[in-house]
Amino acid sequence: MSRLTDLLAKAKAKDSLLGNDLEREFKLLSSRLPFGLNFERHSPEAVELPLRPVRKGDKVRMLPERGSVKKSDQRLWQVKAIHKARQIADLELLDTAEPETQSVLLADLIVVAEFRDTIYPGLVSTGKVTRGGDKPFHTVINGENYHVLKALTYTHRGKVDAIYIDPPYNSGAKDWKYNNDYVEDDDLYRHSKWLAMMERRLVVAKELLNPADSVLIVTIDEKEYLRLGLLLEQIFSEAKIQMVSSVINPFGVARAGQFARVDEYIFIVNFGQSVPAQTPIQTLQVGDSMQVDNDGALADKDKADESLEADKTTYWFSFMRAGSNSSRSHSPGCFYPIFVSKDGVIKSIGQPLPKGESKENVKTPEGTYAAWPVNEAGGEAVWQASHENAKQLLSSGYMRSGRFNKKLGRHSITYLREGTVEAIANGFLTIDNGQINRVVEQTRTYVGKSTWNIRSHNATSQGTKLLGRILPRRKFPYPKSLYAVEDALRFFVAQKPNAIILDFFSGSGTTAHAVMRLNRQDGGRRQCISVTNNEVAADEQKALREQGLRPGDAEWEKHGICDYITKPRVAAAITGKTPAGEPIKGDYKFTDEFPMADGFEENAEFFTLTYEAKNAVNHNLAYERIAPLLWLRAGAQGHRIDKLPLEGWAVAGTYGLLTEVDQVTPFIHAVSAANGLRIAYIVTDDDRRFQAISKRLPDGVEPVRLYESYLSNFSFANGE
Ligand SMILES: C[S@@+](CC[C@H](N)C(=O)[O-])C[C@H]1O[C@@H](n2cnc3c(N)ncnc32)[C@H](O)[C@@H]1O
């Protein structure tokens with residue numbers, strides 16, 4: 001080391017700029033761990049804020065010319081002056097040895113926040129849906145998750161019960177941006193950028209989790225699971241960490257020169273006493289998974305041939321194959337007679353008919369008639385299984401005949417699919433005279449295993465296709481299976497009906513939707529905070545740029561994930577209606593089955609994160625921006641105090657606000673009379689006064705001090 005230090009000193013003497021740069025890098029290197037995950041932190045990270053008006057002192061970038069699809073100029077400038085009349089800003093180039101200045105139209109600039117900058121966050125409500133009475137609100141926040149997490153350290157420090165995240169997998173295929181630039185396959189720093197991005201957020205997320213009992217669930221695939229595992233070990237050294245393999249596409253996704261990929265991984269990070277609960281859920285799914293069609297699509301009741309035969313839980317499916325590959329010529333071995341008595345009892349199974357032979361030549365045992373797989377148009381089709389399998393199904397009681405179909409001139413034939421049979425064999429379902437029953441939940445619990453091969457976790461059928469029903473014609477890449485998220489969370493929040501769940505890479509809002517389903521199953525009042533940015537997908541960005549649009553234009557922002565997908569999905573799930581107002585088609589399946597059009601009795605409010613000016617002069621506006629944060633901290637329930645009260649105090653459902661300390665007496669009376677009040681916010685810069693008022697509050701009400709300059713209560717410096 002001393003040799004290096006000597007060389008550095010020499011370098012500094014020769015060229016101080018170069019010497020200082022070398023020294024900084026040297027310090028960074030020498031501070032690295034001798035073992036474990038070592039990577040470049042790539043600081044500072046920066047984010048563009050398209051909706052934020054440009055102010056003096058801001059850091060900005062120049063937007064590309066309208067219509068251009070070229071990569072935009074990434075240099076950072078500082079705003080030195082603004083000429084309002086001409087709508088022009090004077091800029092000075094940052095991070096350069098050669099000073100450069102320019103004057104640029106305000107409309108051609110975009111504000112940039114570096115993560116080392118102090119920020120003054122606020123929230124603006126952009127709408128809500130209320131169907132849940134006095135239940136707490138789920139919230140969806142449109143914003144850069146790093147900054148939202150920082151803001152949540154004020155509202156939810158140590159209060160979060162579960163975090164579920166599905167971060168960008170770093171596929172190299174434009175699935176995420178670092179400093180406004182897609183991280184592509186050939187980027188030499190691809191992995192360290194991803195790790196730096198994840199580390200920054202996970203470190204803040206740690207402050208939000210309840211150290212005594214909470215869980216962090218992170219999904220990932222083969223591209224980053226090794227690095228993520230090490231990162232989690234390093235950040236959460238006190239936690240118990242386990243990795244689960246989860247089959248999300250049983251048919252496999254091709255990987256050039258490799259095995260086709262059927263699964264991904266889920267890291268479960270348990271804090272304090274958190275352990276996965278024994279659950280009856282997987283039990284149920286084994287049986288329920290039969291309600292997924294062979295091709296993985298959601299099984300519509302109306303899709304099942306002879307569906308009237310199916311009992312109300314649709315365990316019994318038509319034995320006649322439909323759709324492609326269903327003609328006799330495709331599977332001659334599946335064209336055979338089933339002999340049924342006149343009163344509808346299956347007596348025996350006949351032999352398959354050799355190719356070309358007419359069914360009229362087959363002899364029918366006495367007292368029976370032959371049921372053939374023939375469709376209503378008279379076409380020769382096939383049964384679902386070979387004749388050997390059919391015999392076994394029959395002898396086990398897993399095949400039966402039902403209603404007489406006049407058109408077909410025979411009784412319908414139905415059967416139990418493989419998963420249902422498996423569930424019966426495992427004791428998760430029972431069959432009694434053809435009636436399938438679930439084993440009563442409380443009597444049979446299940447210890448989860450580290451491989452989840454559950455059909456309802458299929459990301460195509462229960463993620464992409466399901467989302468397609470909720471938001472017809474809107475595309476979102478790779479949403480999770482709704483039921484996969486529901487099941488993962490259930491292990492940890494089943495016993496916590498008031499749990500707070502956070503997803504800060506929420507994408508299409510699957511986690512919020514899953515939390516609503518959990519609530520419906522047990523009457524819970526769990527709330528989900530979903531955070532996602534308003535990124536426009538890579539291919540869509542190009543199309544919008546070609547139309548002359550740029551970030552910040554209403555038409556551009558409208559297509560962002562949060563505004564176009566997340567908020568409408570959460571709203572549609574609650575109302576049961578698509579954005580066009582149509583009832584959502586199809587039923588929820590598995591654990592809790594009901595029409596999607598029923599929606600949920602839940603509340604949700606949508607917000608956008610704002611970046612306020614440090615010295616906001618307008619007290620009212622500054623307060624309005626922090627009002628949602630006060631409400632969130634008090635439980636996001638009921639009425640919110642959105643404006644500074646003229647009387648000097650106000651009381652809402654779960655909190656009170658005292659802005660004029662000489663109004664303390666009526667305030668204390670109102671607080672004492674209120675039911676369920678948790679927090680009293682007291683606005684004063686005087687420490688002694690705050691203490692004195694706090695003492696007068698009734699038991700169980702937490703006093704929280706607010707400084708008179710509202711925004712300074714929520715400034716977050718990063719110190720990067
Ligand atoms: C893989 S998707 C999550 C999908 C989600 N689990 C679902 O089921 O729909 C990751 C999401 O995180 C968002 N995202 C990525 N980086 C972000 C950031 N820095 N701040 C906020 N959101 C971010 C992206 O917009 C993307 O929608």
# chains A, B, ... in the order shown; residues from 1 in each chain; ligands from 1
$ residues_near_ligand --ligand "ligand 1" --cutoff "7 Å" --atoms "only C-alpha atoms and all ligand atoms" --output "MDAnalysis selection string"
chainID A and resid 143:146 165:169 176 478:481 504:511 531:535 561
$ atom_distance --atom1 "CA of Arg75 in chain A" --atom2 "CA of Lys150 in chain A"
26.0 Å
$ residues_around --residues "Ala652 in chain A" --least-positions-apart "5" --cutoff "12 Å" --atoms "only C-alpha atoms" --output "NGL selection string"
:A and (627 or 630-631 or 634-643 or 645 or 657-658 or 667 or 670-671 or 673-681)
$ write_last_selection --atoms "C-alpha atoms" --output "PDB file, in the first residue's frame"
ATOM      1  CA  ALA A 627     -50.881  16.248   3.536  1.00  0.00           C
ATOM      2  CA  LEU A 630     -49.399  12.691   7.117  1.00  0.00           C
ATOM      3  CA  TRP A 631     -52.483  10.672   6.216  1.00  0.00           C
ATOM      4  CA  ALA A 634     -51.677   7.665  10.253  1.00  0.00           C
ATOM      5  CA  GLY A 635     -52.844   4.541   8.413  1.00  0.00           C
ATOM      6  CA  ALA A 636     -54.239   5.802   5.074  1.00  0.00           C
ATOM      7  CA  GLN A 637     -57.743   5.501   6.379  1.00  0.00           C
ATOM      8  CA  GLY A 638     -60.791   7.722   6.206  1.00  0.00           C
ATOM      9  CA  HIS A 639     -60.858  11.440   5.693  1.00  0.00           C
ATOM     10  CA  ARG A 640     -57.700  13.456   4.985  1.00  0.00           C
ATOM     11  CA  ILE A 641     -56.921  17.002   6.133  1.00  0.00           C
ATOM     12  CA  ASP A 642     -55.991  18.387   2.718  1.00  0.00           C
ATOM     13  CA  LYS A 643     -55.832  22.098   3.565  1.00  0.00           C
ATOM     14  CA  PRO A 645     -57.397  24.484   8.839  1.00  0.00           C
ATOM     15  CA  LEU A 657     -53.475  18.482  13.190  1.00  0.00           C
ATOM     16  CA  LEU A 658     -52.733  21.478  15.368  1.00  0.00           C
ATOM     17  CA  PHE A 667     -57.824  20.577  19.834  1.00  0.00           C
ATOM     18  CA  ALA A 670     -61.607  17.062  19.942  1.00  0.00           C
ATOM     19  CA  VAL A 671     -58.750  14.545  20.041  1.00  0.00           C
ATOM     20  CA  ALA A 673     -63.557  12.766  21.927  1.00  0.00           C
ATOM     21  CA  ALA A 674     -62.428  11.088  18.707  1.00  0.00           C
ATOM     22  CA  ASN A 675     -62.488   7.340  18.312  1.00  0.00           C
ATOM     23  CA  GLY A 676     -59.526   5.453  16.854  1.00  0.00           C
ATOM     24  CA  LEU A 677     -57.243   8.474  16.586  1.00  0.00           C
ATOM     25  CA  ARG A 678     -53.603   7.436  16.396  1.00  0.00           C
ATOM     26  CA  ILE A 679     -51.474  10.502  15.758  1.00  0.00           C
ATOM     27  CA  ALA A 680     -51.571  14.168  16.714  1.00  0.00           C
ATOM     28  CA  TYR A 681     -49.394  16.312  14.452  1.00  0.00           C
TER      29      TYR A 681
END
$ residues_around --residues "Arg41 in chain A" --least-positions-apart "5" --cutoff "10 Å" --atoms "only C-alpha atoms" --output "list in words"
Leu28, Ser192, Lys193, Trp194, Leu195, Ala196, Met197, Glu199, Arg200 and Glu720 of chain A
$ closest_residue --among "A:Met399, A:Ala622, A:Cys334, A:Leu231" --to "Lys355 in chain A" --atoms "only C-alpha atoms"
A:Cys334
$ closest_residue --among "A:Ser358, A:Asn142, A:Ser530, A:Ser694" --to "Tyr164 in chain A" --atoms "only C-alpha atoms"
A:Ser530
$ select_by_dssp --residues "range 348-437 of chain A" --states "helix (DSSP H, G or I)" --output "JSON, numbers by chain"
{"A": [359, 360, 361, 387, 388, 389, 390, 391, 392, 393, 394, 395, 396, 418, 419, 420, 421, 422, 423, 424, 425]}
$ write_last_selection --atoms "all heavy atoms" --output "short mmCIF file (atom, residue, chain, number, x, y, z; two decimals), in the first residue's frame"
data_model
loop_
_atom_site.label_atom_id
_atom_site.label_comp_id
_atom_site.auth_asym_id
_atom_site.auth_seq_id
_atom_site.Cartn_x
_atom_site.Cartn_y
_atom_site.Cartn_z
N LYS A 359 -68.15 -47.54 -37.31
CA LYS A 359 -68.62 -47.82 -35.96
C LYS A 359 -69.90 -48.67 -35.97
O LYS A 359 -70.25 -49.29 -34.98
CB LYS A 359 -68.79 -46.54 -35.14
CG LYS A 359 -69.71 -45.50 -35.70
CD LYS A 359 -69.61 -44.28 -34.81
CE LYS A 359 -70.50 -43.12 -35.10
NZ LYS A 359 -71.32 -43.04 -36.26
N GLU A 360 -70.56 -48.65 -37.15
CA GLU A 360 -71.79 -49.44 -37.24
C GLU A 360 -71.50 -50.94 -37.09
O GLU A 360 -72.37 -51.72 -36.74
CB GLU A 360 -72.50 -49.22 -38.60
CG GLU A 360 -72.66 -47.76 -39.02
CD GLU A 360 -73.34 -46.93 -37.95
OE1 GLU A 360 -74.16 -47.48 -37.19
OE2 GLU A 360 -73.02 -45.72 -37.84
N ASN A 361 -70.24 -51.35 -37.34
CA ASN A 361 -69.89 -52.78 -37.27
C ASN A 361 -69.67 -53.27 -35.85
O ASN A 361 -69.44 -54.45 -35.63
CB ASN A 361 -68.59 -53.06 -38.06
CG ASN A 361 -68.74 -52.67 -39.52
OD1 ASN A 361 -69.87 -52.60 -40.01
ND2 ASN A 361 -67.64 -52.43 -40.19
N HIS A 387 -57.91 -45.98 -24.52
CA HIS A 387 -58.95 -46.84 -23.96
C HIS A 387 -58.47 -47.50 -22.66
O HIS A 387 -59.25 -47.71 -21.73
CB HIS A 387 -59.49 -47.79 -25.05
CG HIS A 387 -59.16 -49.22 -24.89
ND1 HIS A 387 -57.91 -49.72 -25.09
CD2 HIS A 387 -59.96 -50.25 -24.51
CE1 HIS A 387 -57.93 -51.01 -24.86
NE2 HIS A 387 -59.16 -51.36 -24.50
N GLU A 388 -57.13 -47.76 -22.52
CA GLU A 388 -56.62 -48.32 -21.25
C GLU A 388 -56.84 -47.33 -20.11
O GLU A 388 -57.31 -47.68 -19.03
CB GLU A 388 -55.12 -48.63 -21.31
CG GLU A 388 -54.73 -49.84 -22.12
CD GLU A 388 -54.65 -49.50 -23.60
OE1 GLU A 388 -54.58 -48.29 -23.92
OE2 GLU A 388 -54.70 -50.42 -24.44
N ASN A 389 -56.48 -46.08 -20.39
CA ASN A 389 -56.66 -45.06 -19.34
C ASN A 389 -58.13 -44.88 -19.00
O ASN A 389 -58.49 -44.68 -17.83
CB ASN A 389 -56.08 -43.71 -19.78
CG ASN A 389 -54.58 -43.72 -19.69
OD1 ASN A 389 -54.01 -44.61 -19.05
ND2 ASN A 389 -53.94 -42.77 -20.35
N ALA A 390 -58.95 -44.96 -20.03
CA ALA A 390 -60.39 -44.79 -19.79
C ALA A 390 -60.90 -45.89 -18.86
O ALA A 390 -61.71 -45.64 -17.96
CB ALA A 390 -61.14 -44.82 -21.12
N LYS A 391 -60.38 -47.11 -19.06
CA LYS A 391 -60.81 -48.23 -18.21
C LYS A 391 -60.44 -47.97 -16.76
O LYS A 391 -61.22 -48.22 -15.84
CB LYS A 391 -60.13 -49.52 -18.68
CG LYS A 391 -60.84 -50.20 -19.80
CD LYS A 391 -60.08 -51.47 -20.11
CE LYS A 391 -60.87 -52.41 -20.97
NZ LYS A 391 -60.06 -53.52 -21.40
N GLN A 392 -59.22 -47.46 -16.60
CA GLN A 392 -58.77 -47.17 -15.24
C GLN A 392 -59.62 -46.08 -14.59
O GLN A 392 -60.00 -46.17 -13.42
CB GLN A 392 -57.32 -46.69 -15.28
CG GLN A 392 -56.42 -47.73 -14.67
CD GLN A 392 -54.98 -47.32 -14.74
OE1 GLN A 392 -54.67 -46.15 -14.88
NE2 GLN A 392 -54.12 -48.31 -14.62
N LEU A 393 -59.90 -45.05 -15.38
CA LEU A 393 -60.73 -43.95 -14.86
C LEU A 393 -62.08 -44.50 -14.40
O LEU A 393 -62.58 -44.17 -13.33
CB LEU A 393 -60.95 -42.88 -15.94
CG LEU A 393 -59.77 -41.96 -16.25
CD1 LEU A 393 -60.03 -41.15 -17.52
CD2 LEU A 393 -59.53 -40.99 -15.08
N LEU A 394 -62.63 -45.37 -15.24
CA LEU A 394 -63.95 -45.91 -14.93
C LEU A 394 -63.90 -46.76 -13.66
O LEU A 394 -64.74 -46.60 -12.76
CB LEU A 394 -64.46 -46.75 -16.12
CG LEU A 394 -65.86 -47.32 -15.95
CD1 LEU A 394 -66.89 -46.21 -15.84
CD2 LEU A 394 -66.23 -48.24 -17.12
N SER A 395 -62.89 -47.62 -13.58
CA SER A 395 -62.86 -48.51 -12.42
C SER A 395 -62.59 -47.73 -11.13
O SER A 395 -62.99 -48.15 -10.05
CB SER A 395 -61.82 -49.62 -12.60
OG SER A 395 -60.54 -49.03 -12.66
N SER A 396 -61.93 -46.58 -11.23
CA SER A 396 -61.67 -45.79 -10.02
C SER A 396 -62.83 -44.88 -9.66
O SER A 396 -62.79 -44.19 -8.64
CB SER A 396 -60.44 -44.90 -10.21
OG SER A 396 -59.37 -45.63 -10.71
N GLU A 418 -56.12 -35.20 -14.48
CA GLU A 418 -55.00 -35.79 -13.74
C GLU A 418 -54.73 -35.13 -12.37
O GLU A 418 -54.54 -35.81 -11.37
CB GLU A 418 -53.77 -35.65 -14.63
CG GLU A 418 -52.57 -36.42 -14.20
CD GLU A 418 -51.39 -35.98 -15.05
OE1 GLU A 418 -51.53 -35.90 -16.29
OE2 GLU A 418 -50.35 -35.68 -14.47
N GLY A 419 -54.74 -33.80 -12.34
CA GLY A 419 -54.42 -33.11 -11.09
C GLY A 419 -55.45 -33.37 -10.01
O GLY A 419 -55.12 -33.45 -8.82
N THR A 420 -56.72 -33.49 -10.43
CA THR A 420 -57.76 -33.76 -9.45
C THR A 420 -57.56 -35.17 -8.89
O THR A 420 -57.68 -35.40 -7.68
CB THR A 420 -59.16 -33.63 -10.10
OG1 THR A 420 -59.22 -32.38 -10.75
CG2 THR A 420 -60.26 -33.72 -9.07
N VAL A 421 -57.23 -36.09 -9.80
CA VAL A 421 -56.99 -37.47 -9.38
C VAL A 421 -55.82 -37.50 -8.38
O VAL A 421 -55.87 -38.14 -7.33
CB VAL A 421 -56.68 -38.34 -10.62
CG1 VAL A 421 -56.18 -39.72 -10.21
CG2 VAL A 421 -57.92 -38.45 -11.50
N GLU A 422 -54.79 -36.71 -8.71
CA GLU A 422 -53.60 -36.63 -7.85
C GLU A 422 -53.99 -36.07 -6.48
O GLU A 422 -53.56 -36.56 -5.43
CB GLU A 422 -52.62 -35.70 -8.54
CG GLU A 422 -51.23 -35.63 -8.00
CD GLU A 422 -50.47 -34.58 -8.82
OE1 GLU A 422 -50.38 -34.72 -10.06
OE2 GLU A 422 -50.00 -33.61 -8.22
N ALA A 423 -54.84 -35.03 -6.50
CA ALA A 423 -55.25 -34.40 -5.24
C ALA A 423 -56.07 -35.37 -4.39
O ALA A 423 -55.96 -35.37 -3.16
CB ALA A 423 -56.06 -33.14 -5.54
N ILE A 424 -56.86 -36.22 -5.06
CA ILE A 424 -57.64 -37.22 -4.31
C ILE A 424 -56.67 -38.23 -3.70
O ILE A 424 -56.76 -38.58 -2.51
CB ILE A 424 -58.68 -37.91 -5.22
CG1 ILE A 424 -59.74 -36.89 -5.67
CG2 ILE A 424 -59.34 -39.08 -4.50
CD1 ILE A 424 -60.66 -37.38 -6.76
N ALA A 425 -55.70 -38.64 -4.53
CA ALA A 425 -54.73 -39.63 -4.05
C ALA A 425 -53.95 -39.08 -2.85
O ALA A 425 -53.63 -39.81 -1.91
CB ALA A 425 -53.77 -39.99 -5.17
#
